[in-house]
Structure formats: structure tokens, C-alpha cells
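> This structure is in C-alpha cells; I'll ask about it shortly.
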Amino acid sequence: MLGGVSRQRASVIANQRNFPEPIAVLAMGKVWRKSDVEKWIRQHRPDLAED
């Protein structure tokens with residue numbers, strides 16, 4: 001959803017203050033609500049938003 005960025009870059013993006021809070025933190029990593037991430041993309045990365 002973030003445009004084919006590396007895992008490291010995705011982690012940097014997810015740790016930004018304006019990125020949505022995860023709904024759960026599991027042993028395998030954080031989990032976000034898809035709608036929250038889609039809203040963030042529309043606001044902060046509109047070039048990646050699906051119409």
C-alpha cells in the first residue's frame with residue numbers, strides 16, 4: 001500500500017507521529033486497520049491513493 005517501499009522505509013513511515021496507531025501489537029509485528037492506513041495515504045501520499 002505504501003508504493004513498494006522497503007521494509008526498513010515502511011518501518012520509518014509507520015513510526016512517524018502522524019501515522020495511525022496500530023490496533024494490535026503481536027509477536028510478528030504491529031497491525032493496522034486498513035481503512036486507517038488508506039486515509040493516511042490519501043492525506044499524506046496522495047500519489048499512491050487509489051481512486
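Note on naming: chains are A, B, ... as they come in the C-alpha cells, residues start from 1 per chain, ligands start from 1 in the order shown.
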Near Trp32 of chain A, within 8 Å and counting only C-alpha atoms, which residues show up once chain neighbours fewer than 3 positions away are dropped, as a PyMOL selection string?

chain A and resi 20-24+36-37

> What parts of chain A does DSSP call helix (DSSP H, G or I)? I'd like the answer as a ChimeraX atom specification.

/A:7-14,34-44,46-48

> Determine, counting only C-alpha atoms, which protein, DNA and RNA residues have an atom within 10 Å of an atom of Gly3 of chain A; residues of the same chain fewer than 3 positions away are not included. Present the result as a PDB file with N, CA and C atoms, in the first residue's frame.


ATOM      1  N   SER A   6      10.818  -0.363   0.821  1.00  0.00           N
ATOM      2  CA  SER A   6      11.478  -1.449   1.562  1.00  0.00           C
ATOM      3  C   SER A   6      10.849  -1.594   2.949  1.00  0.00           C
ATOM      4  N   ALA A  10       9.246   1.331   5.259  1.00  0.00           N
ATOM      5  CA  ALA A  10       7.894   1.191   5.792  1.00  0.00           C
ATOM      6  C   ALA A  10       7.903   1.366   7.300  1.00  0.00           C
ATOM      7  N   ARG A  45       0.164  10.840   1.183  1.00  0.00           N
ATOM      8  CA  ARG A  45       0.806  10.302  -0.021  1.00  0.00           C
ATOM      9  C   ARG A  45      -0.235  10.185  -1.127  1.00  0.00           C
ATOM     10  N   ASP A  47      -0.352  10.623  -4.152  1.00  0.00           N
ATOM     11  CA  ASP A  47       0.082   9.991  -5.407  1.00  0.00           C
ATOM     12  C   ASP A  47      -0.099   8.488  -5.378  1.00  0.00           C
ATOM     13  N   LEU A  48      -0.234   7.907  -4.167  1.00  0.00           N
ATOM     14  CA  LEU A  48      -0.405   6.455  -4.041  1.00  0.00           C
ATOM     15  C   LEU A  48      -1.859   6.061  -3.808  1.00  0.00           C
ATOM     16  N   ALA A  49      -2.724   7.028  -3.582  1.00  0.00           N
ATOM     17  CA  ALA A  49      -4.126   6.732  -3.267  1.00  0.00           C
ATOM     18  C   ALA A  49      -4.828   6.140  -4.477  1.00  0.00           C
TER      19      ALA A  49
END

> My list of candidates is A:Val25, A:Lys30, A:Phe19, A:Ile13. Which is closest to Gln43 of chain A when distances are computed with only C-alpha atoms?

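Of the candidates, the smallest distance to Gln43 of chain A is held by A:Phe19.
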
> Atom CA of Glu38 of chain A and atom CA of Asn18 of chain A, how far apart in Å?

13.3 Å

> Report as a PyMOL selection string: the residues of segment 14-51 of chain A with a DSSP assignment of strand (DSSP E or B), based on the backbone of this structure.

chain A and resi 24-26+29-31

> Just C-alpha atoms for this one: save the residues we selected as a compact mmCIF listing (two decimals), in the first residue's frame.


# COMPACT_ATOMS: atom_id res chain seq x y z
CA ALA A 24 -2.74 -4.51 17.92
CA VAL A 25 0.89 -5.36 18.56
CA LEU A 26 1.60 -9.05 18.01
CA GLY A 29 4.61 -7.08 14.43
CA LYS A 30 2.08 -4.27 14.51
CA VAL A 31 -1.36 -4.50 12.92

> Please report the interatomic distance between atom CA of Leu2 of chain A and atom CA of Arg17 of chain A in Å with one decimal.

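Between atom CA of Leu2 of chain A and atom CA of Arg17 of chain A the gap works out to 16.5 Å.
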
> Interatomic distance between atom CA of Ala27 of chain A and atom CA of Trp40 of chain A?

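Straight-line distance from atom CA of Ala27 of chain A to atom CA of Trp40 of chain A works out to 24.4 Å.
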
> For Glu50 of chain A, which of A:Asn15, A:Lys34, A:Met28, A:Met1 is the closest residue, counting only C-alpha atoms?

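Ranked by minimum distance to Glu50 of chain A, first place goes to A:Met1.
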